[in-house]
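S.K.: Got a structure for you, entry-v8.json, holding JSON, C-alpha atoms.
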```
[["chain", "number", "residue", "atom", "x", "y", "z"],
["A", 16, "MET", "CA", 57.25, -6.66, 11.04],
["A", 17, "ARG", "CA", 57.64, -10.18, 9.72],
["A", 18, "ILE", "CA", 56.25, -12.71, 7.27],
["A", 19, "ILE", "CA", 54.05, -15.00, 9.35],
["A", 20, "GLY", "CA", 53.52, -18.00, 7.06],
["A", 21, "GLY", "CA", 54.69, -19.94, 4.05],
["A", 22, "LYS", "CA", 58.19, -20.62, 2.79],
["A", 23, "LEU", "CA", 59.51, -17.28, 4.11],
["A", 24, "LYS", "CA", 57.89, -17.56, 7.55],
["A", 25, "GLY", "CA", 59.85, -15.57, 10.13],
["A", 26, "ARG", "CA", 61.68, -13.33, 7.65],
["A", 27, "SER", "CA", 61.73, -9.69, 8.71],
["A", 28, "ILE", "CA", 60.65, -6.70, 6.66],
["A", 29, "THR", "CA", 62.33, -3.59, 8.04],
["A", 30, "PRO", "CA", 61.44, -0.30, 6.37],
["A", 31, "PRO", "CA", 63.79, 2.63, 6.97],
["A", 32, "GLU", "CA", 63.08, 5.12, 9.76],
["A", 33, "ASN", "CA", 60.43, 7.74, 8.97],
["A", 34, "TYR", "CA", 58.80, 5.40, 6.44],
["A", 35, "LYS", "CA", 55.45, 6.82, 5.35],
["A", 36, "ALA", "CA", 53.13, 3.83, 5.69],
["A", 37, "ARG", "CA", 51.10, 2.12, 8.40],
["A", 38, "PRO", "CA", 51.63, -1.63, 8.06],
["A", 39, "THR", "CA", 48.96, -4.14, 8.97],
["A", 40, "THR", "CA", 49.83, -5.45, 12.43],
["A", 41, "ASP", "CA", 51.18, -8.99, 12.69],
["A", 42, "PHE", "CA", 48.22, -9.84, 14.95],
["A", 43, "ALA", "CA", 45.67, -8.67, 12.36],
["A", 44, "LYS", "CA", 47.62, -10.21, 9.48],
["A", 45, "GLU", "CA", 47.69, -13.57, 11.27],
["A", 46, "GLY", "CA", 43.92, -13.43, 11.80],
["A", 47, "LEU", "CA", 43.29, -12.50, 8.18],
["A", 48, "PHE", "CA", 45.47, -15.27, 6.79],
["A", 49, "ASN", "CA", 43.91, -17.84, 9.13],
["A", 50, "ILE", "CA", 40.58, -17.02, 7.45],
["A", 51, "LEU", "CA", 42.08, -17.11, 3.95],
["A", 52, "ASP", "CA", 43.93, -20.38, 4.63],
["A", 53, "ASN", "CA", 40.55, -22.02, 5.19],
["A", 54, "GLU", "CA", 38.90, -20.52, 2.12],
["A", 55, "TYR", "CA", 41.57, -20.33, -0.59],
["A", 56, "GLU", "CA", 44.21, -22.53, -2.15],
["A", 57, "PHE", "CA", 47.11, -20.10, -2.52],
["A", 58, "GLU", "CA", 48.81, -21.92, -5.41],
["A", 59, "ASP", "CA", 47.92, -20.28, -8.72],
["A", 60, "LEU", "CA", 46.22, -17.37, -6.90],
["A", 61, "GLN", "CA", 46.27, -14.02, -8.74],
["A", 62, "VAL", "CA", 46.30, -11.22, -6.14],
["A", 63, "LEU", "CA", 45.96, -7.44, -6.38],
["A", 64, "ASP", "CA", 47.31, -5.52, -3.37],
["A", 65, "LEU", "CA", 46.17, -1.90, -3.44],
["A", 66, "PHE", "CA", 47.93, 0.78, -1.37],
["A", 67, "GLY", "CA", 50.96, -1.51, -0.98],
["A", 68, "GLY", "CA", 52.59, 0.47, 1.83],
["A", 69, "THR", "CA", 55.43, -1.75, 3.07],
["A", 70, "GLY", "CA", 54.56, -4.69, 0.80],
["A", 71, "SER", "CA", 53.87, -6.85, 3.84],
["A", 72, "ILE", "CA", 50.59, -8.26, 2.51],
["A", 73, "SER", "CA", 52.07, -8.88, -0.96],
["A", 74, "PHE", "CA", 55.01, -10.74, 0.56],
["A", 75, "GLU", "CA", 52.67, -12.81, 2.72],
["A", 76, "PHE", "CA", 50.68, -13.96, -0.31],
["A", 77, "ALA", "CA", 53.86, -14.69, -2.28],
["A", 78, "SER", "CA", 55.38, -16.61, 0.64],
["A", 79, "ARG", "CA", 52.28, -18.81, 0.78],
["A", 80, "GLY", "CA", 52.51, -19.74, -2.91],
["A", 81, "ALA", "CA", 50.45, -17.18, -4.84],
["A", 82, "ALA", "CA", 51.27, -17.35, -8.54],
["A", 83, "ALA", "CA", 51.31, -13.58, -9.00],
["A", 84, "VAL", "CA", 50.87, -10.54, -6.80],
["A", 85, "HIS", "CA", 50.44, -7.07, -8.27],
["A", 86, "CYS", "CA", 51.25, -4.44, -5.65],
["A", 87, "ILE", "CA", 50.09, -0.88, -6.41],
["A", 88, "GLU", "CA", 51.80, 1.92, -4.48],
["A", 89, "MET", "CA", 51.66, 5.65, -5.23],
["A", 90, "ASN", "CA", 54.59, 6.81, -3.08],
["A", 91, "ALA", "CA", 57.78, 6.45, -5.15],
["A", 92, "ASP", "CA", 60.01, 5.74, -2.13],
["A", 93, "ASN", "CA", 57.62, 3.08, -0.86],
["A", 94, "ALA", "CA", 57.33, 1.47, -4.30],
["A", 95, "ARG", "CA", 61.13, 1.37, -4.55],
["A", 96, "PHE", "CA", 61.39, -0.18, -1.07],
["A", 97, "ILE", "CA", 58.81, -2.87, -1.93],
["A", 98, "LYS", "CA", 60.58, -3.68, -5.20],
["A", 99, "ASN", "CA", 63.98, -3.92, -3.47],
["A", 100, "GLN", "CA", 62.54, -6.00, -0.64],
["A", 101, "ALA", "CA", 60.89, -8.38, -3.14],
["A", 102, "ARG", "CA", 64.25, -8.81, -4.84],
["A", 103, "SER", "CA", 66.07, -9.51, -1.55],
["A", 104, "LEU", "CA", 63.39, -12.05, -0.54],
["A", 105, "GLY", "CA", 63.65, -13.80, -3.91],
["A", 106, "LEU", "CA", 60.08, -12.82, -4.83],
["A", 107, "SER", "CA", 60.68, -10.50, -7.79],
["A", 108, "GLU", "CA", 59.28, -13.12, -10.21],
["A", 109, "ILE", "CA", 56.02, -13.24, -8.22],
["A", 110, "VAL", "CA", 55.56, -9.70, -6.84],
["A", 111, "THR", "CA", 55.13, -6.99, -9.48],
["A", 112, "VAL", "CA", 55.29, -3.47, -8.06],
["A", 113, "VAL", "CA", 53.40, -0.78, -9.94],
["A", 114, "HIS", "CA", 54.15, 2.82, -8.97],
["A", 115, "HIS", "CA", 50.75, 4.38, -9.62],
["A", 116, "ASN", "CA", 47.79, 6.08, -7.98],
["A", 117, "VAL", "CA", 45.27, 3.33, -7.16],
["A", 118, "PHE", "CA", 42.27, 5.30, -8.42],
["A", 119, "ASP", "CA", 43.98, 6.06, -11.73],
["A", 120, "PHE", "CA", 45.19, 2.45, -12.04],
["A", 121, "LEU", "CA", 41.76, 0.80, -11.65],
["A", 122, "PRO", "CA", 40.26, 1.90, -15.00],
["A", 123, "LEU", "CA", 43.52, 1.08, -16.81],
["A", 124, "CYS", "CA", 43.86, -2.47, -15.50],
["A", 125, "LYS", "CA", 42.64, -5.18, -17.87],
["A", 126, "LYS", "CA", 43.56, -8.17, -15.70],
["A", 127, "ARG", "CA", 41.18, -10.06, -13.39],
["A", 128, "PHE", "CA", 42.11, -11.31, -9.95],
["A", 129, "ASP", "CA", 41.16, -14.07, -7.51],
["A", 130, "LEU", "CA", 41.58, -11.78, -4.53],
["A", 131, "ILE", "CA", 41.90, -8.02, -4.12],
["A", 132, "PHE", "CA", 43.17, -6.53, -0.87],
["A", 133, "ALA", "CA", 43.20, -2.80, -0.08],
["A", 134, "ASP", "CA", 44.76, -1.12, 2.94],
["A", 135, "PRO", "CA", 44.32, 2.60, 2.22],
["A", 136, "PRO", "CA", 45.55, 5.29, 4.59],
["A", 137, "TYR", "CA", 42.90, 5.47, 7.30],
["A", 138, "ALA", "CA", 42.58, 9.25, 6.81],
["A", 139, "LEU", "CA", 42.12, 8.92, 3.03],
["A", 140, "GLU", "CA", 39.37, 11.15, 1.69],
["A", 141, "GLY", "CA", 36.84, 8.95, -0.09],
["A", 142, "LEU", "CA", 37.67, 5.74, 1.82],
["A", 143, "ALA", "CA", 33.94, 4.96, 2.07],
["A", 144, "GLU", "CA", 33.66, 4.82, -1.76],
["A", 145, "ILE", "CA", 36.48, 2.30, -2.23],
["A", 146, "PRO", "CA", 34.26, -0.83, -2.23],
["A", 147, "ASP", "CA", 32.11, 0.59, -5.06],
["A", 148, "LYS", "CA", 35.16, 1.64, -7.08],
["A", 149, "ILE", "CA", 36.74, -1.80, -6.75],
["A", 150, "MET", "CA", 33.58, -3.82, -7.31],
["A", 151, "ASN", "CA", 32.53, -1.70, -10.31],
["A", 152, "ALA", "CA", 35.96, -1.95, -11.97],
["A", 153, "GLY", "CA", 35.33, -5.56, -13.06],
["A", 154, "LEU", "CA", 38.70, -6.77, -11.79],
["A", 155, "LEU", "CA", 37.47, -9.62, -9.60],
["A", 156, "HIS", "CA", 36.65, -13.13, -10.78],
["A", 157, "PRO", "CA", 33.11, -14.27, -9.81],
["A", 158, "ASP", "CA", 32.70, -15.44, -6.20],
["A", 159, "CYS", "CA", 36.12, -14.13, -5.24],
["A", 160, "TYR", "CA", 36.92, -11.68, -2.45],
["A", 161, "PHE", "CA", 37.70, -8.03, -2.14],
["A", 162, "ILE", "CA", 38.99, -7.31, 1.37],
["A", 163, "LEU", "CA", 39.18, -3.76, 2.73],
["A", 164, "GLU", "CA", 41.21, -2.93, 5.82],
["A", 165, "HIS", "CA", 39.75, 0.08, 7.63],
["A", 166, "PRO", "CA", 39.37, 1.75, 11.02],
["A", 167, "ALA", "CA", 36.43, 1.22, 13.39],
["A", 168, "ASP", "CA", 34.68, 4.44, 12.41],
["A", 169, "TYR", "CA", 33.61, 2.89, 9.08],
["A", 170, "SER", "CA", 30.93, 0.26, 8.67],
["A", 171, "PHE", "CA", 30.18, -1.44, 5.38],
["A", 172, "THR", "CA", 27.53, -3.86, 6.65],
["A", 173, "GLU", "CA", 24.84, -2.17, 4.51],
["A", 174, "HIS", "CA", 26.85, -2.44, 1.28],
["A", 175, "PRO", "CA", 25.09, -4.85, -1.14],
["A", 176, "ARG", "CA", 28.30, -6.84, -1.78],
["A", 177, "PHE", "CA", 29.41, -6.99, 1.89],
["A", 178, "PHE", "CA", 29.30, -10.42, 3.49],
["A", 179, "LYS", "CA", 31.42, -10.36, 6.65],
["A", 180, "GLU", "CA", 33.69, -8.32, 8.89],
["A", 181, "ARG", "CA", 36.50, -9.40, 11.21],
["A", 182, "LYS", "CA", 38.08, -7.22, 13.90],
["A", 183, "TYR", "CA", 41.58, -7.53, 15.29],
["A", 184, "GLY", "CA", 42.17, -4.79, 17.82],
["A", 185, "ASN", "CA", 41.77, -1.49, 15.96],
["A", 186, "VAL", "CA", 42.03, -3.18, 12.56],
["A", 187, "HIS", "CA", 38.82, -4.10, 10.74],
["A", 188, "PHE", "CA", 38.59, -6.22, 7.60],
["A", 189, "SER", "CA", 35.40, -6.01, 5.55],
["A", 190, "PHE", "CA", 34.88, -8.75, 2.97],
["A", 191, "PHE", "CA", 32.97, -8.22, -0.27],
["A", 192, "ARG", "CA", 32.13, -10.51, -3.21]]
```
Would you mind giving the structure from this file in structure tokens?
M.R.:
Amino acid sequence: MRIIGGKLKGRSITPPENYKARPTTDFAKEGLFNILDNEYEFEDLQVLDLFGGTGSISFEFASRGAAAVHCIEMNADNARFIKNQARSLGLSEIVTVVHHNVFDFLPLCKKRFDLIFADPPYALEGLAEIPDKIMNAGLLHPDCYFILEHPADYSFTEHPRFFKERKYGNVHFSFFR
């Protein structure tokens, strides 16, 4: 897995063997960031990355100039890996890793963000309720995006805040605002 754009383009992120996370594929990540490149100025962007996993999405935003990225990860080993990787990439001033359960974190967070990205485990119980939990938490600035990565067996096209979906192989991104 690698960073595909920005000042750290080409840098590898190599989690240890038996790492317990499913990273967004480079193919899907490239498609997603092509969309975002056309719709956002990354400088000064405040990003919330939920279910941080490997930190790949957080590092991609930071590499492209986001002002701050808050990465929430429940697994202690994964959170430690992301924090160490941010340090080794020189991103520890931009990427803040919070070791916390996403659903417990949401009501505690008082900050607002320009973009929220969530890549929950595909087998997560309650995945279908995530858009409501995020949109009702009041963490998103007006007219900004919440993006949910999910498998093909979920469709959010009927959600009142849904506005588009993009598919990259088995990876689906649903956009909400």
S.K.: A:Asn151, A:Ser27, A:Asn33, A:Asn53: which is nearest Gly70 (chain A), counting only C-alpha atoms?
M.R.: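 Checking each candidate against Gly70 (chain A), we get A:Ser27 as the closest.
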S.K.: Could you please give me, as a ChimeraX atom specification, the residues of protein, DNA or RNA lying at most 12 Å from (34.8, -3.8, -4.0) in the coordinate frame of the file, considering all atoms listed in the file?
M.R.: /A:63,65,121,130-133,142-156,159-164,171,174-178,189-192
S.K.: Rank A:Asp119, A:Gly67, A:Met89, A:Tyr183 by their smallest atom-to-atom distance to Asp41 (chain A), using only C-alpha atoms, and report the top residue only.
M.R.: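 Ranking A:Asp119, A:Gly67, A:Met89, A:Tyr183 by distance to Asp41 (chain A), first place goes to A:Tyr183.
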S.K.: Quick one: distance from CA of Ser78 (chain A) to CA of Phe118 (chain A) in Å, one decimal?
M.R.: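 The value is 27.1 Å.
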S.K.: Measuring between only C-alpha atoms, which one of A:Val62, A:Ala82, A:Leu23, A:Ile28 shows the shortest distance to Asn99 (chain A)?
M.R.: A:Ile28
S.K.: Would you work out the distance separating CA of Glu75 (chain A) from CA of Ile87 (chain A), expressed in Å to one decimal?
M.R.: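 Interatomic distance here is 15.2 Å.
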S.K.: Quick one: which region 66-181 of chain A residues come within 8 Å of region 35-40 of chain A, and what is the nearest atom pair for each with the distance in Å to one decimal, counting all atoms listed in the file, rows ordered by chain and ascending number, as a Markdown table?
M.R.:
```
| residue | atom | partner | partner_atom | distance |
| --- | --- | --- | --- | --- |
| A:Gly68 | CA | A:Ala36 | CA | 5.1 |
| A:Thr69 | CA | A:Pro38 | CA | 6.3 |
| A:Ser71 | CA | A:Pro38 | CA | 7.1 |
| A:Ile72 | CA | A:Thr39 | CA | 7.8 |
| A:Asn93 | CA | A:Lys35 | CA | 7.6 |
| A:Asp134 | CA | A:Thr39 | CA | 7.9 |
| A:Pro136 | CA | A:Arg37 | CA | 7.4 |
```
S.K.: Counting all atoms listed in the file, which residue out of A:Glu32, A:His187, A:Lys179, A:Gly80 sits closest to Pro166 (chain A)?
M.R.: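 Answer, going by the shortest atom-to-atom distance: A:His187.
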S.K.: From the list A:Asn116, A:Ala81, A:Leu104, A:Cys124, which residue is nearest Lys24 (chain A) when using all atoms listed in the file?
M.R.: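 Using all atoms listed in the file, Lys24 (chain A) sits closest to A:Leu104.
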S.K.: I need the residue nearest Leu60 (chain A) from this list: A:Val186, A:Ile97, A:Ile109, A:Ala138. Use all atoms listed in the file for the distance.
M.R.: A:Ile109
S.K.: For Ala94 (chain A), list every protein, DNA or RNA residue within 7 Å, evaluated using only C-alpha atoms, and leave out those in the same chain fewer than 4 positions away; present the list as a CSV table (one decimal) with C-alpha atoms, in the frame of the given file.
M.R.:
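Result file is around_4.csv:
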```csv
chain,number,residue,atom,x,y,z
A,88,GLU,CA,51.8,1.9,-4.5
A,90,ASN,CA,54.6,6.8,-3.1
A,98,LYS,CA,60.6,-3.7,-5.2
A,112,VAL,CA,55.3,-3.5,-8.1
A,114,HIS,CA,54.2,2.8,-9.0
```
S.K.: What does the distance from CA of Gln100 (chain A) to CA of Asp52 (chain A) come to in Å, to one decimal?
M.R.: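 One can read the CA of Gln100 (chain A) to CA of Asp52 (chain A) distance as 24.1 Å.
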S.K.: Could you please fill out region 135-162 of chain A with N, CA and C atoms and send it back as a CSV table (one decimal), in the frame of the given file?
M.R.:
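Generated file (result24.csv):
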```
chain,number,residue,atom,x,y,z
A,135,PRO,N,44.1,1.2,2.5
A,135,PRO,CA,44.3,2.6,2.2
A,135,PRO,C,44.7,3.3,3.5
A,136,PRO,N,45.3,4.5,3.4
A,136,PRO,CA,45.6,5.3,4.6
A,136,PRO,C,44.2,5.5,5.3
A,137,TYR,N,44.2,5.3,6.6
A,137,TYR,CA,42.9,5.5,7.3
A,137,TYR,C,42.3,6.9,7.2
A,138,ALA,N,43.1,7.9,6.9
A,138,ALA,CA,42.6,9.2,6.8
A,138,ALA,C,42.3,9.6,5.4
A,139,LEU,N,42.3,8.7,4.5
A,139,LEU,CA,42.1,8.9,3.0
A,139,LEU,C,40.7,9.5,2.8
A,140,GLU,N,40.7,10.6,2.1
A,140,GLU,CA,39.4,11.2,1.7
A,140,GLU,C,38.8,10.2,0.7
A,141,GLY,N,37.5,9.9,0.8
A,141,GLY,CA,36.8,9.0,-0.1
A,141,GLY,C,37.0,7.5,0.3
A,142,LEU,N,37.5,7.1,1.4
A,142,LEU,CA,37.7,5.7,1.8
A,142,LEU,C,36.3,5.0,1.7
A,143,ALA,N,35.3,5.6,2.1
A,143,ALA,CA,33.9,5.0,2.1
A,143,ALA,C,33.5,4.5,0.7
A,144,GLU,N,34.0,5.2,-0.4
A,144,GLU,CA,33.7,4.8,-1.8
A,144,GLU,C,34.5,3.7,-2.4
A,145,ILE,N,35.6,3.3,-1.7
A,145,ILE,CA,36.5,2.3,-2.2
A,145,ILE,C,35.8,1.0,-2.6
A,146,PRO,N,34.9,0.4,-1.8
A,146,PRO,CA,34.3,-0.8,-2.2
A,146,PRO,C,33.5,-0.7,-3.6
A,147,ASP,N,32.8,0.4,-3.8
A,147,ASP,CA,32.1,0.6,-5.1
A,147,ASP,C,33.1,0.7,-6.2
A,148,LYS,N,34.2,1.5,-6.0
A,148,LYS,CA,35.2,1.6,-7.1
A,148,LYS,C,35.8,0.3,-7.5
A,149,ILE,N,36.1,-0.5,-6.5
A,149,ILE,CA,36.7,-1.8,-6.8
A,149,ILE,C,35.7,-2.7,-7.4
A,150,MET,N,34.6,-2.9,-6.8
A,150,MET,CA,33.6,-3.8,-7.3
A,150,MET,C,33.1,-3.4,-8.7
A,151,ASN,N,33.0,-2.2,-9.0
A,151,ASN,CA,32.5,-1.7,-10.3
A,151,ASN,C,33.6,-1.7,-11.4
A,152,ALA,N,34.9,-1.9,-11.0
A,152,ALA,CA,36.0,-2.0,-12.0
A,152,ALA,C,36.0,-3.2,-12.8
A,153,GLY,N,35.3,-4.3,-12.3
A,153,GLY,CA,35.3,-5.6,-13.1
A,153,GLY,C,36.6,-6.3,-13.0
A,154,LEU,N,37.4,-6.2,-11.9
A,154,LEU,CA,38.7,-6.8,-11.8
A,154,LEU,C,38.7,-8.1,-11.0
A,155,LEU,N,37.6,-8.5,-10.5
A,155,LEU,CA,37.5,-9.6,-9.6
A,155,LEU,C,36.7,-10.8,-10.3
A,156,HIS,N,37.3,-12.0,-10.2
A,156,HIS,CA,36.6,-13.1,-10.8
A,156,HIS,C,35.4,-13.4,-10.0
A,157,PRO,N,34.4,-14.0,-10.5
A,157,PRO,CA,33.1,-14.3,-9.8
A,157,PRO,C,33.4,-15.1,-8.5
A,158,ASP,N,32.6,-14.8,-7.5
A,158,ASP,CA,32.7,-15.4,-6.2
A,158,ASP,C,34.0,-15.3,-5.5
A,159,CYS,N,34.8,-14.4,-5.9
A,159,CYS,CA,36.1,-14.1,-5.2
A,159,CYS,C,36.0,-12.9,-4.3
A,160,TYR,N,37.0,-12.7,-3.5
A,160,TYR,CA,36.9,-11.7,-2.4
A,160,TYR,C,37.6,-10.4,-2.8
A,161,PHE,N,37.0,-9.3,-2.3
A,161,PHE,CA,37.7,-8.0,-2.1
A,161,PHE,C,37.7,-7.8,-0.6
A,162,ILE,N,38.9,-7.5,-0.1
A,162,ILE,CA,39.0,-7.3,1.4
A,162,ILE,C,39.5,-5.9,1.6
```
